[in-house]
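Participant: Structure file model-v1.cif (mmCIF, C-alpha atoms and all ligand atoms) right here:
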data_run
loop_
_atom_site.label_atom_id
_atom_site.label_comp_id
_atom_site.auth_asym_id
_atom_site.auth_seq_id
_atom_site.Cartn_x
_atom_site.Cartn_y
_atom_site.Cartn_z
CA MET A 15 74.93 151.15 -8.45
CA SER A 16 77.58 150.49 -5.82
CA ILE A 17 78.08 151.74 -2.29
CA GLN A 18 81.31 153.64 -1.91
CA LEU A 19 81.85 154.81 1.68
CA GLU A 20 83.62 158.04 2.59
CA TYR A 21 83.59 157.82 6.36
CA VAL A 22 81.81 156.37 9.36
CA ALA A 23 80.91 158.39 12.45
CA LEU A 24 80.31 156.74 15.81
CA HIS A 25 78.12 158.75 18.13
CA ARG A 26 78.17 157.68 21.77
CA MET A 27 74.72 158.25 23.22
CA ASN A 28 73.34 158.22 26.71
CA MET A 29 69.60 158.12 27.27
CA THR A 30 67.55 157.40 30.36
CA LEU A 31 64.58 155.07 30.18
CA LYS A 32 61.39 156.54 31.61
CA ASP A 33 60.82 153.31 33.52
CA PRO A 34 63.64 151.21 34.97
CA PHE A 35 63.41 147.78 33.27
CA MET A 36 63.92 144.84 35.64
CA THR A 37 64.65 141.28 34.49
CA SER A 38 65.78 138.14 36.31
CA PHE A 39 69.35 139.39 36.05
CA GLY A 40 69.18 143.07 36.80
CA ILE A 41 67.83 146.53 36.11
CA VAL A 42 68.45 148.76 33.09
CA GLN A 43 67.74 152.43 33.29
CA GLU A 44 70.62 154.08 31.46
CA LYS A 45 71.02 153.30 27.77
CA ASP A 46 74.68 153.74 26.79
CA PHE A 47 75.01 152.95 23.07
CA PHE A 48 76.29 154.02 19.65
CA ILE A 49 74.57 155.48 16.66
CA VAL A 50 76.61 154.46 13.62
CA GLU A 51 76.46 156.87 10.71
CA VAL A 52 77.77 155.56 7.39
CA VAL A 53 78.36 158.25 4.78
CA ALA A 54 78.69 157.43 1.07
CA ASP A 55 80.60 159.37 -1.58
CA ASP A 56 77.30 160.64 -3.04
CA GLY A 57 76.38 162.14 0.35
CA THR A 58 73.79 159.50 1.26
CA ILE A 59 73.78 158.69 4.98
CA GLY A 60 72.72 155.42 6.63
CA TYR A 61 72.08 154.95 10.34
CA GLY A 62 72.50 151.97 12.63
CA GLU A 63 72.20 151.52 16.41
CA SER A 64 74.27 149.27 18.67
CA VAL A 65 72.18 147.24 21.11
CA ALA A 66 74.72 145.92 23.63
CA PHE A 67 74.18 147.18 27.17
CA ALA A 68 76.82 148.74 29.45
CA ALA A 69 77.18 145.42 31.34
CA PRO A 70 77.25 141.89 29.85
CA TRP A 71 74.15 140.42 31.50
CA TYR A 72 72.14 139.64 28.36
CA THR A 73 75.00 138.49 26.13
CA GLU A 74 78.76 138.87 26.49
CA GLU A 75 78.94 142.12 24.51
CA THR A 76 79.01 145.55 26.14
CA THR A 77 79.09 149.15 24.90
CA GLU A 78 82.87 149.15 25.43
CA THR A 79 83.47 145.87 23.56
CA THR A 80 81.32 147.30 20.76
CA LYS A 81 83.55 150.38 20.64
CA HIS A 82 86.72 148.25 20.51
CA MET A 83 85.31 145.96 17.83
CA LEU A 84 84.11 148.85 15.70
CA LEU A 85 87.22 151.01 15.93
CA ASP A 86 89.97 148.41 16.01
CA ILE A 87 88.56 145.51 14.00
CA LEU A 88 85.43 146.05 11.93
CA LEU A 89 85.77 149.62 10.58
CA PRO A 90 89.33 148.97 9.33
CA MET A 91 87.88 146.06 7.31
CA LEU A 92 85.66 148.52 5.40
CA ARG A 93 88.63 150.56 4.15
CA GLY A 94 88.82 150.81 0.39
CA ARG A 95 85.91 148.42 -0.19
CA THR A 96 82.87 148.94 -2.35
CA PHE A 97 79.62 147.04 -1.88
CA SER A 98 76.87 146.29 -4.35
CA HIS A 99 74.51 145.03 -1.66
CA PRO A 100 74.48 145.12 2.19
CA ARG A 101 74.43 141.31 2.36
CA GLU A 102 78.12 141.51 1.44
CA VAL A 103 78.84 143.09 4.85
CA ARG A 104 77.77 139.84 6.57
CA LYS A 105 80.22 137.90 4.39
CA LEU A 106 83.01 140.40 5.00
CA PHE A 107 82.64 140.08 8.79
CA GLU A 108 82.22 136.30 8.79
CA PRO A 109 85.88 135.52 9.66
CA ILE A 110 85.48 137.54 12.88
CA ARG A 111 84.05 135.40 15.67
CA ARG A 112 80.88 136.43 17.49
CA ASN A 113 80.66 140.13 18.42
CA ARG A 114 77.42 140.09 16.49
CA MET A 115 75.96 143.23 18.03
CA ALA A 116 79.00 145.24 16.92
CA LYS A 117 78.73 143.80 13.41
CA ALA A 118 74.99 144.49 13.28
CA ALA A 119 75.48 148.16 14.19
CA ILE A 120 77.41 148.67 10.93
CA GLU A 121 75.47 146.18 8.83
CA SER A 122 72.09 147.69 9.66
CA ALA A 123 73.41 151.18 8.82
CA MET A 124 74.52 149.83 5.43
CA TRP A 125 70.99 148.51 4.80
CA ASP A 126 69.55 151.98 5.50
CA LEU A 127 72.14 153.54 3.19
CA TYR A 128 71.44 150.99 0.46
CA ALA A 129 67.66 151.43 0.64
CA LYS A 130 68.04 155.23 0.51
CA GLN A 131 70.28 154.99 -2.55
CA GLN A 132 67.72 152.72 -4.21
CA GLY A 133 64.92 155.09 -3.22
CA ILE A 134 62.93 152.31 -1.51
CA PRO A 135 61.80 151.69 2.08
CA LEU A 136 64.05 149.40 4.08
CA ALA A 137 61.13 146.97 4.37
CA GLU A 138 61.05 146.57 0.61
CA ALA A 139 64.82 146.08 0.43
CA LEU A 140 64.46 143.29 3.00
CA GLY A 141 61.55 141.65 1.17
CA GLY A 142 58.90 142.75 3.67
CA THR A 143 55.31 143.00 2.51
CA LYS A 144 53.20 144.08 5.48
CA LYS A 145 51.99 147.70 5.52
CA THR A 146 51.47 147.66 9.29
CA ILE A 147 52.96 145.47 12.01
CA ASP A 148 51.32 144.17 15.18
CA VAL A 149 53.04 144.95 18.45
CA GLY A 150 52.94 143.79 22.05
CA ILE A 151 54.28 145.17 25.29
CA SER A 152 57.19 143.68 27.25
CA LEU A 153 56.95 144.54 30.93
CA GLY A 154 59.80 144.14 33.40
CA LEU A 155 59.46 142.64 36.87
CA GLU A 156 57.52 144.95 39.18
CA PRO A 157 57.88 145.30 42.96
CA THR A 158 54.27 144.23 43.51
CA VAL A 159 51.56 142.30 41.66
CA GLU A 160 49.32 145.36 41.88
CA ALA A 161 51.90 147.51 40.12
CA LEU A 162 52.20 144.92 37.35
CA LEU A 163 48.43 144.60 36.91
CA GLU A 164 48.14 148.37 36.67
CA LYS A 165 50.76 148.52 33.92
CA ILE A 166 49.15 145.68 32.01
CA ALA A 167 45.78 147.44 32.19
CA MET A 168 47.33 150.64 30.86
CA TYR A 169 48.95 148.98 27.83
CA VAL A 170 45.94 146.77 27.06
CA THR A 171 43.84 149.95 27.06
CA LYS A 172 46.32 151.53 24.65
CA GLY A 173 45.70 148.59 22.30
CA TYR A 174 48.94 146.57 22.54
CA LYS A 175 48.09 143.16 21.08
CA ARG A 176 49.83 140.90 23.56
CA VAL A 177 51.43 141.17 26.96
CA LYS A 178 54.81 139.72 27.90
CA ILE A 179 55.79 139.57 31.54
CA LYS A 180 59.11 138.58 33.04
CA ILE A 181 59.23 135.67 35.47
CA LYS A 182 61.86 134.21 37.78
CA PRO A 183 61.84 131.56 40.53
CA GLY A 184 59.56 132.83 43.28
CA MET A 185 57.71 135.18 40.92
CA ASP A 186 56.14 132.87 38.41
CA VAL A 187 53.16 130.50 38.75
CA GLU A 188 51.23 132.54 41.32
CA LEU A 189 52.06 135.77 39.49
CA VAL A 190 50.75 134.36 36.20
CA ARG A 191 47.65 133.08 38.04
CA GLU A 192 46.95 136.64 39.28
CA VAL A 193 47.48 138.12 35.82
CA ARG A 194 45.19 135.52 34.26
CA ARG A 195 42.54 136.18 36.90
CA ALA A 196 42.54 139.88 36.02
CA PHE A 197 42.98 139.39 32.25
CA PRO A 198 41.49 136.00 31.31
CA ASP A 199 41.62 136.60 27.56
CA VAL A 200 44.65 138.77 26.91
CA PRO A 201 47.26 137.09 24.67
CA LEU A 202 49.91 136.49 27.34
CA MET A 203 53.46 135.14 27.39
CA VAL A 204 56.30 134.94 29.87
CA ASP A 205 60.07 135.52 29.53
CA ALA A 206 62.42 133.91 32.06
CA ASN A 207 65.73 135.23 30.69
CA SER A 208 67.41 131.91 31.58
CA ALA A 209 66.32 131.82 35.22
CA TYR A 210 65.48 128.07 35.37
CA THR A 211 67.16 124.67 35.03
CA LEU A 212 65.94 121.21 34.02
CA GLY A 213 65.35 120.57 37.73
CA ASP A 214 62.40 122.95 37.42
CA ILE A 215 60.42 120.88 34.88
CA ALA A 216 57.65 119.92 37.33
CA HIS A 217 57.33 123.55 38.37
CA LEU A 218 57.23 124.88 34.79
CA GLN A 219 54.52 122.32 33.94
CA LYS A 220 52.25 124.29 36.29
CA LEU A 221 52.25 127.11 33.70
CA ASP A 222 50.50 124.82 31.21
CA GLU A 223 47.04 125.64 32.59
CA PHE A 224 47.27 129.36 31.77
CA ASN A 225 47.05 129.17 27.99
CA LEU A 226 50.28 131.11 27.46
CA LEU A 227 51.37 131.96 23.92
CA MET A 228 54.87 130.82 24.86
CA ILE A 229 57.60 130.76 27.48
CA GLU A 230 60.69 132.62 26.29
CA GLN A 231 64.20 131.40 27.16
CA PRO A 232 63.46 129.37 30.30
CA LEU A 233 66.87 127.66 30.49
CA ALA A 234 70.53 128.61 30.20
CA SER A 235 71.55 131.26 27.69
CA ASP A 236 74.04 128.88 26.07
CA ASP A 237 71.77 125.84 25.99
CA ILE A 238 69.89 124.29 23.08
CA ILE A 239 69.80 120.62 24.17
CA ASP A 240 68.06 120.91 27.56
CA HIS A 241 65.39 123.11 25.99
CA ALA A 242 64.49 120.13 23.75
CA THR A 243 63.98 117.98 26.83
CA LEU A 244 61.87 120.68 28.45
CA GLN A 245 59.75 121.26 25.32
CA ARG A 246 58.83 117.55 25.28
CA LYS A 247 57.60 117.82 28.89
CA ILE A 248 55.54 121.02 28.75
CA GLU A 249 52.54 122.10 26.66
CA THR A 250 53.50 125.77 26.55
CA PRO A 251 55.49 126.48 23.38
CA VAL A 252 59.13 127.29 24.09
CA CYS A 253 60.61 130.36 22.36
CA LEU A 254 64.39 130.85 22.22
CA ASP A 255 65.99 134.28 22.62
CA GLU A 256 69.49 134.32 24.22
CA SER A 257 70.39 130.85 22.84
CA ILE A 258 70.13 131.98 19.22
CA TYR A 259 73.18 133.75 17.75
CA SER A 260 72.87 132.61 14.15
CA LEU A 261 71.02 130.71 11.46
CA THR A 262 73.10 127.68 12.45
CA ASP A 263 71.74 127.86 16.01
CA VAL A 264 68.19 128.05 14.60
CA GLU A 265 68.82 124.96 12.44
CA THR A 266 70.10 123.10 15.51
CA ALA A 267 67.14 124.17 17.65
CA ILE A 268 64.57 123.16 15.05
CA ARG A 269 66.23 119.80 14.34
CA LEU A 270 66.37 119.01 18.07
CA GLY A 271 62.85 120.25 18.77
CA SER A 272 64.16 122.75 21.32
CA CYS A 273 61.47 125.35 20.59
CA LYS A 274 58.41 126.07 18.51
CA ILE A 275 59.00 129.80 18.13
CA ILE A 276 62.07 132.02 17.59
CA ASN A 277 62.58 135.55 18.91
CA VAL A 278 64.57 137.35 16.20
CA LYS A 279 66.75 140.28 17.26
CA SER A 280 68.94 141.52 14.42
CA GLY A 281 71.57 142.78 16.86
CA ARG A 282 71.94 139.44 18.63
CA VAL A 283 72.36 137.55 15.33
CA GLY A 284 74.80 139.92 13.63
CA GLY A 285 72.53 141.98 11.43
CA LEU A 286 69.50 142.19 9.19
CA GLU A 287 70.81 139.70 6.61
CA GLU A 288 71.23 136.96 9.23
CA ALA A 289 67.78 137.88 10.61
CA ARG A 290 66.31 137.59 7.10
CA LEU A 291 67.93 134.18 6.57
CA ILE A 292 66.55 132.99 9.92
CA HIS A 293 63.11 134.30 8.93
CA ASP A 294 63.20 132.44 5.60
CA TYR A 295 64.46 129.19 7.15
CA CYS A 296 61.76 129.27 9.84
CA GLU A 297 59.07 130.04 7.28
CA LYS A 298 60.14 126.99 5.27
CA HIS A 299 59.99 124.81 8.39
CA GLY A 300 56.67 126.09 9.69
CA VAL A 301 58.19 127.80 12.73
CA ALA A 302 56.79 131.21 13.64
CA VAL A 303 59.14 134.10 14.41
CA TRP A 304 58.59 137.48 16.02
CA CYS A 305 60.75 140.56 16.46
CA GLY A 306 62.27 141.05 19.90
CA GLY A 307 63.52 144.30 21.34
CA MET A 308 66.55 145.67 23.19
CA LEU A 309 64.94 148.81 24.62
CA GLU A 310 66.19 150.57 21.50
CA ALA A 311 66.13 154.25 20.75
CA GLY A 312 64.46 155.37 17.53
CA VAL A 313 67.03 154.20 15.00
CA GLY A 314 67.12 150.61 16.25
CA ARG A 315 63.36 150.66 16.68
CA ALA A 316 62.96 151.77 13.05
CA HIS A 317 65.08 148.84 11.86
CA ASN A 318 62.88 146.48 13.89
CA ILE A 319 59.71 147.88 12.34
CA HIS A 320 60.96 147.25 8.81
CA LEU A 321 62.25 143.77 9.70
CA ALA A 322 58.90 142.84 11.25
CA SER A 323 57.18 143.59 7.92
CA LEU A 324 58.41 140.23 6.58
CA SER A 325 55.60 137.71 6.20
CA ASN A 326 56.63 135.09 8.78
CA PHE A 327 56.77 137.60 11.63
CA MET A 328 53.44 136.08 12.67
CA LEU A 329 53.31 137.18 16.30
CA PRO A 330 53.33 140.74 17.72
CA GLY A 331 56.85 142.12 18.30
CA ASP A 332 58.40 143.77 21.38
CA ILE A 333 58.23 147.08 19.53
CA GLY A 334 56.58 149.88 21.47
CA SER A 335 55.97 153.54 20.79
CA SER A 336 58.88 155.94 21.34
CA SER A 337 57.02 157.39 24.32
CA ARG A 338 56.84 154.00 26.07
CA TYR A 339 60.62 154.13 26.48
CA PHE A 340 61.88 157.71 26.37
CA ALA A 341 60.74 161.19 27.27
CA ASN A 342 62.10 162.31 23.90
CA ASP A 343 63.23 159.95 21.15
CA ILE A 344 66.05 160.83 18.72
CA ILE A 345 63.94 160.41 15.59
CA ASP A 346 61.38 162.53 13.74
CA PRO A 347 58.58 161.56 13.55
CA LYS A 348 58.43 159.46 16.73
CA VAL A 349 57.26 155.85 16.58
CA VAL A 350 53.54 155.76 17.36
CA VAL A 351 51.43 152.70 18.20
CA ARG A 352 47.76 152.93 17.17
CA ASN A 353 45.35 150.10 17.95
CA GLY A 354 48.32 147.85 18.62
CA THR A 355 49.90 148.46 15.24
CA ILE A 356 52.69 150.56 13.76
CA GLU A 357 52.64 151.75 10.16
CA VAL A 358 55.72 150.70 8.23
CA PRO A 359 57.23 153.91 6.81
CA THR A 360 57.07 154.26 3.03
CA GLU A 361 59.89 156.80 2.60
CA PRO A 362 63.33 155.55 1.49
CA GLY A 363 65.49 153.74 4.07
CA ILE A 364 64.35 153.60 7.68
CA GLY A 365 61.89 156.40 6.93
CA TYR A 366 62.51 158.34 10.13
CA ALA A 367 64.89 161.32 10.19
CA ILE A 368 67.25 162.11 13.05
CA ASP A 369 65.75 164.76 15.32
CA ARG A 370 68.89 166.92 15.48
CA ALA A 371 68.01 168.86 18.61
CA VAL A 372 67.14 165.76 20.61
CA PHE A 373 70.12 163.87 19.21
CA GLU A 374 72.50 166.62 20.37
CA GLN A 375 70.95 166.56 23.80
CA TYR A 376 71.92 162.91 24.33
CA ARG A 377 75.16 162.77 22.32
CA GLN A 378 78.23 162.32 24.55
CA GLU A 379 81.04 162.22 21.96
CA SER A 380 81.64 161.44 18.31
CA ILE A 381 84.51 159.69 16.56
CA THR A 382 84.98 159.93 12.80
CA PHE A 383 86.69 157.10 10.98
CA SER A 384 87.75 157.53 7.36
CA VAL A 385 87.26 154.46 5.19
CA SER A 386 87.63 155.96 1.70
CA THR A 387 90.39 154.85 -0.67
CA SER A 388 91.29 158.36 -1.78
O1 LIG B 401 64.74 139.27 26.98
O2 LIG B 401 63.66 140.12 25.37
C1 LIG B 401 64.42 140.25 26.33
C2 LIG B 401 65.01 143.95 27.06
C3 LIG B 401 66.37 143.95 27.23
C4 LIG B 401 67.06 142.77 27.13
C5 LIG B 401 66.40 141.58 26.87
C6 LIG B 401 65.02 141.57 26.68
C7 LIG B 401 64.32 142.78 26.80
C8 LIG B 401 62.87 142.89 26.69
C9 LIG B 401 62.27 144.23 26.33
O3 LIG B 401 62.12 141.97 26.93
C10 LIG B 401 62.13 144.42 24.85
C11 LIG B 401 61.80 145.83 24.46
O4 LIG B 401 60.73 146.32 24.85
O5 LIG B 401 62.61 146.48 23.75
MG MG B 402 63.86 137.63 26.01
#
Now that the file is in, can you turn its structure into structure tokens?

Facilitator:
Amino acid sequence: MSIQLEYVALHRMNMTLKDPFMTSFGIVQEKDFFIVEVVADDGTIGYGESVAFAAPWYTEETTETTKHMLLDILLPMLRGRTFSHPREVRKLFEPIRRNRMAKAAIESAMWDLYAKQQGIPLAEALGGTKKTIDVGISLGLEPTVEALLEKIAMYVTKGYKRVKIKIKPGMDVELVREVRRAFPDVPLMVDANSAYTLGDIAHLQKLDEFNLLMIEQPLASDDIIDHATLQRKIETPVCLDESIYSLTDVETAIRLGSCKIINVKSGRVGGLEEARLIHDYCEKHGVAVWCGGMLEAGVGRAHNIHLASLSNFMLPGDIGSSSRYFANDIIDPKVVVRNGTIEVPTEPGIGYAIDRAVFEQYRQESITFSVSTS
């Protein structure tokens, strides 16, 4: 069987997060993104979601650069092509530098389409084996310690299996001390989103006493070398997020000893195939991975759930229930967390349908791009 595309529709979406999400570099409340709909000649439809934010604070990509890359560069490359497997999309886009979130938006839609045509869940197409996945909560910076402790209590009560809190200079060691005092046994980790430098080694060593699962991306977003120096000086395992764009970056990080854990986000690395390759490489080298999040709406969240079903996703992912993020998610059924786990759907493809009424409510505009030969 081969995938023959007829057209691709880009749906510009705008959704408001229930809770503004604050990190060391800013606040996100509005989600401005694309749902990519790939339509095959047999009528099968695959869905993907772009994860770049409106402003380039996490990586260099934005919603507008995604639009440009999709319309002017990547979609024209699909014209007249047939695919026998979605991994070929990664190869096709390889000559184009970076812009991995834009590539992933199409590539992940092609995986959904492929799995639907094969009549298998996306998890199975990716080689995933888990029936349920474990999830944790990622909490943004809060104005007060009390507000943070209250949120942690709420999500621990709901069953989330680990808690991730954001830290930055001035809101770190004492904050973690307070959290540990209130929750001595909760699996806890911190994410600095690049807020520190090597000059902070002595300070970051103070986190060693709190039995943290890991510290995520303490140093610069484009660094791999300094993280190796830091990892040698602290007990807490380092996890890389922003520094990892590709399998090659992962190989570099593991060879240098820059981290012990990798946060895999398919959008950041250019798609599900690259994410799968990173997973397999880490598994072979005894490095644990887990699935990060980009405050996705339902389509992106669904892709994450299937990806996290692969065996070496050993730690709970940043994958919450739909209701943790949005008043009304664009998928049917919604993603539900029970006892800190999500069931991996067993229907073909992503296994969640688009909730048409909700989708229309948040859809700003749509652009249709013909890619068929005829
Ligand atoms: O650093 O992992 C991050 C959200 C947006 C951008 C970067 C990050 C995050 C999160 C939240 O930590 C993940 C989620 O709940 O989707
Ligand atoms: Mg992170």

Participant: So, with only C-alpha atoms as the atoms that count, which of A:Met185, A:Ala196, A:Ala371, A:Leu261 lies closest to A:Glu287?

Facilitator: A:Leu261

Participant: Mind giving me the straight-line distance from atom CA of A:Glu160 to atom CA of A:Asn277 in Å, one decimal?

Facilitator: 28.3 Å

Participant: What does the list of residues within 10 Å of ligand MG 402 (chain B) look like if you count only C-alpha atoms and all ligand atoms, written as a PDB file with C-alpha atoms, keeping the file's coordinate frame?

Facilitator:
ATOM      1  CA  THR A  37      64.650 141.280  34.490  1.00  0.00           C
ATOM      2  CA  TYR A  72      72.140 139.640  28.360  1.00  0.00           C
ATOM      3  CA  SER A 152      57.190 143.680  27.250  1.00  0.00           C
ATOM      4  CA  LYS A 178      54.810 139.720  27.900  1.00  0.00           C
ATOM      5  CA  ILE A 179      55.790 139.570  31.540  1.00  0.00           C
ATOM      6  CA  LYS A 180      59.110 138.580  33.040  1.00  0.00           C
ATOM      7  CA  VAL A 204      56.300 134.940  29.870  1.00  0.00           C
ATOM      8  CA  ASP A 205      60.070 135.520  29.530  1.00  0.00           C
ATOM      9  CA  ALA A 206      62.420 133.910  32.060  1.00  0.00           C
ATOM     10  CA  ASN A 207      65.730 135.230  30.690  1.00  0.00           C
ATOM     11  CA  SER A 208      67.410 131.910  31.580  1.00  0.00           C
ATOM     12  CA  ILE A 229      57.600 130.760  27.480  1.00  0.00           C
ATOM     13  CA  GLU A 230      60.690 132.620  26.290  1.00  0.00           C
ATOM     14  CA  GLN A 231      64.200 131.400  27.160  1.00  0.00           C
ATOM     15  CA  PRO A 232      63.460 129.370  30.300  1.00  0.00           C
ATOM     16  CA  CYS A 253      60.610 130.360  22.360  1.00  0.00           C
ATOM     17  CA  LEU A 254      64.390 130.850  22.220  1.00  0.00           C
ATOM     18  CA  ASP A 255      65.990 134.280  22.620  1.00  0.00           C
ATOM     19  CA  GLU A 256      69.490 134.320  24.220  1.00  0.00           C
ATOM     20  CA  SER A 257      70.390 130.850  22.840  1.00  0.00           C
ATOM     21  CA  ASN A 277      62.580 135.550  18.910  1.00  0.00           C
ATOM     22  CA  VAL A 278      64.570 137.350  16.200  1.00  0.00           C
ATOM     23  CA  LYS A 279      66.750 140.280  17.260  1.00  0.00           C
ATOM     24  CA  GLY A 306      62.270 141.050  19.900  1.00  0.00           C
ATOM     25  CA  GLY A 307      63.520 144.300  21.340  1.00  0.00           C
ATOM     26  CA  MET A 308      66.550 145.670  23.190  1.00  0.00           C
ATOM     27  CA  ASP A 332      58.400 143.770  21.380  1.00  0.00           C
TER      28      ASP A 332
END

Participant: What is the atom CA of A:Asp214 to atom CA of A:Ala242 distance in Å?

Facilitator: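 Here the two named atoms are 14.1 Å from each other.
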
Participant: From the options A:Gln375, A:Thr266, A:Ser335, A:Thr80, which residue's atoms come nearest to ligand LIG 401 (chain B), counting only C-alpha atoms and all ligand atoms?

Facilitator: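 Looking only at the distances to ligand LIG 401 (chain B), the closest residue turns out to be A:Ser335.
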
Participant: Find the spatial neighbours of A:Gly40, counting all atoms listed in the file, within a cut-off of 12 Å - ignore same-chain residues fewer than 2 positions away - and output them as a PDB file with C-alpha atoms, in the frame of the given file.

Facilitator:
ATOM      1  CA  PRO A  34      63.640 151.210  34.970  1.00  0.00           C
ATOM      2  CA  PHE A  35      63.410 147.780  33.270  1.00  0.00           C
ATOM      3  CA  MET A  36      63.920 144.840  35.640  1.00  0.00           C
ATOM      4  CA  THR A  37      64.650 141.280  34.490  1.00  0.00           C
ATOM      5  CA  SER A  38      65.780 138.140  36.310  1.00  0.00           C
ATOM      6  CA  VAL A  42      68.450 148.760  33.090  1.00  0.00           C
ATOM      7  CA  GLN A  43      67.740 152.430  33.290  1.00  0.00           C
ATOM      8  CA  PHE A  67      74.180 147.180  27.170  1.00  0.00           C
ATOM      9  CA  ALA A  69      77.180 145.420  31.340  1.00  0.00           C
ATOM     10  CA  PRO A  70      77.250 141.890  29.850  1.00  0.00           C
ATOM     11  CA  TRP A  71      74.150 140.420  31.500  1.00  0.00           C
ATOM     12  CA  TYR A  72      72.140 139.640  28.360  1.00  0.00           C
ATOM     13  CA  GLY A 154      59.800 144.140  33.400  1.00  0.00           C
ATOM     14  CA  LEU A 155      59.460 142.640  36.870  1.00  0.00           C
ATOM     15  CA  LYS A 180      59.110 138.580  33.040  1.00  0.00           C
ATOM     16  CA  LYS A 182      61.860 134.210  37.780  1.00  0.00           C
ATOM     17  CA  ASN A 207      65.730 135.230  30.690  1.00  0.00           C
ATOM     18  CA  ALA A 209      66.320 131.820  35.220  1.00  0.00           C
TER      19      ALA A 209
END

Participant: Between atom CA of A:His99 and atom CA of A:Ala139, what is the distance in Å, rounded to a tenth?

Facilitator: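 So the two atoms, atom CA of A:His99 and atom CA of A:Ala139, lie 10.0 Å apart.
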
Participant: Quick one: residues within 9 Å of A:Val170, all atoms listed in the file, excluding same-chain residues fewer than 4 positions away - as an mmCIF file with C-alpha atoms, in the frame of the given file?

Facilitator:
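Below is the file that was written, around-v8.cif:
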data_model
loop_
_atom_site.group_PDB
_atom_site.id
_atom_site.type_symbol
_atom_site.label_atom_id
_atom_site.label_comp_id
_atom_site.auth_asym_id
_atom_site.auth_seq_id
_atom_site.Cartn_x
_atom_site.Cartn_y
_atom_site.Cartn_z
ATOM 1 C CA ILE A 151 54.280 145.170 25.290
ATOM 2 C CA LYS A 165 50.760 148.520 33.920
ATOM 3 C CA ILE A 166 49.150 145.680 32.010
ATOM 4 C CA TYR A 174 48.940 146.570 22.540
ATOM 5 C CA LYS A 175 48.090 143.160 21.080
ATOM 6 C CA ARG A 176 49.830 140.900 23.560
ATOM 7 C CA VAL A 177 51.430 141.170 26.960
ATOM 8 C CA VAL A 200 44.650 138.770 26.910
ATOM 9 C CA GLY A 354 48.320 147.850 18.620
#

Participant: Could you check the closest approach to A:Met83 for each of A:Gln219, A:Ser64, A:Gln18, A:Ser380 and tell me which residue wins, using only C-alpha atoms?

Facilitator: A:Ser64

Participant: Residues proximal to (70.1, 125.4, 11.3) were defined as those with any atom within 12 Å of that point in the file's coordinates, counting all atoms listed in the file. Which are they, as an mmCIF file with C-alpha atoms, keeping the file's coordinate frame?

Facilitator:
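Everything below was put into out_25.cif:
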data_model
loop_
_atom_site.group_PDB
_atom_site.id
_atom_site.type_symbol
_atom_site.label_atom_id
_atom_site.label_comp_id
_atom_site.auth_asym_id
_atom_site.auth_seq_id
_atom_site.Cartn_x
_atom_site.Cartn_y
_atom_site.Cartn_z
ATOM 1 C CA ILE A 238 69.890 124.290 23.080
ATOM 2 C CA ILE A 258 70.130 131.980 19.220
ATOM 3 C CA TYR A 259 73.180 133.750 17.750
ATOM 4 C CA SER A 260 72.870 132.610 14.150
ATOM 5 C CA LEU A 261 71.020 130.710 11.460
ATOM 6 C CA THR A 262 73.100 127.680 12.450
ATOM 7 C CA ASP A 263 71.740 127.860 16.010
ATOM 8 C CA VAL A 264 68.190 128.050 14.600
ATOM 9 C CA GLU A 265 68.820 124.960 12.440
ATOM 10 C CA THR A 266 70.100 123.100 15.510
ATOM 11 C CA ALA A 267 67.140 124.170 17.650
ATOM 12 C CA ILE A 268 64.570 123.160 15.050
ATOM 13 C CA ARG A 269 66.230 119.800 14.340
ATOM 14 C CA LEU A 270 66.370 119.010 18.070
ATOM 15 C CA GLY A 271 62.850 120.250 18.770
ATOM 16 C CA SER A 272 64.160 122.750 21.320
ATOM 17 C CA GLU A 288 71.230 136.960 9.230
ATOM 18 C CA LEU A 291 67.930 134.180 6.570
ATOM 19 C CA ILE A 292 66.550 132.990 9.920
ATOM 20 C CA HIS A 293 63.110 134.300 8.930
ATOM 21 C CA ASP A 294 63.200 132.440 5.600
ATOM 22 C CA TYR A 295 64.460 129.190 7.150
ATOM 23 C CA CYS A 296 61.760 129.270 9.840
ATOM 24 C CA LYS A 298 60.140 126.990 5.270
ATOM 25 C CA HIS A 299 59.990 124.810 8.390
#

Participant: Which residue is closest to ligand LIG 401 (chain B)? Choose from A:Asp222, A:Asp369, A:Glu20, A:Glu44 and count all atoms listed in the file.

Facilitator: A:Glu44

Participant: Taking all atoms listed in the file into account, name the residue in A:Glu108, A:Asp236, A:Glu310, A:Glu78 that is nearest to ligand LIG 401 (chain B).

Facilitator: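 Smallest distance to ligand LIG 401 (chain B) is found for A:Glu310.
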
Participant: So which one's closest to A:Asn113, A:Leu84, A:Ile181, A:Val52, A:Val350? Using all atoms listed in the file, please.

Facilitator: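 That would be A:Leu84, the residue with the smallest distance to A:Asn113.
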
Participant: Put the listed atoms of ligand LIG 401 (chain B) in a box along x, y and z with 4 Å added on every side and give me the centre and edge lengths in Å to one decimal, as AutoDock Vina command-line options.

Facilitator:
--center_x 63.9 --center_y 142.9 --center_z 25.5 --size_x 14.3 --size_y 15.2 --size_z 11.5

Participant: Place a sphere of radius 9 Å on (72.0, 137.4, 2.6) in the file coordinates and name every protein, DNA or RNA residue with an atom inside or on its surface, counting all atoms listed in the file; give the answer as a ChimeraX atom specification.

Facilitator: /A:100-102,104-105,286-288,290-291
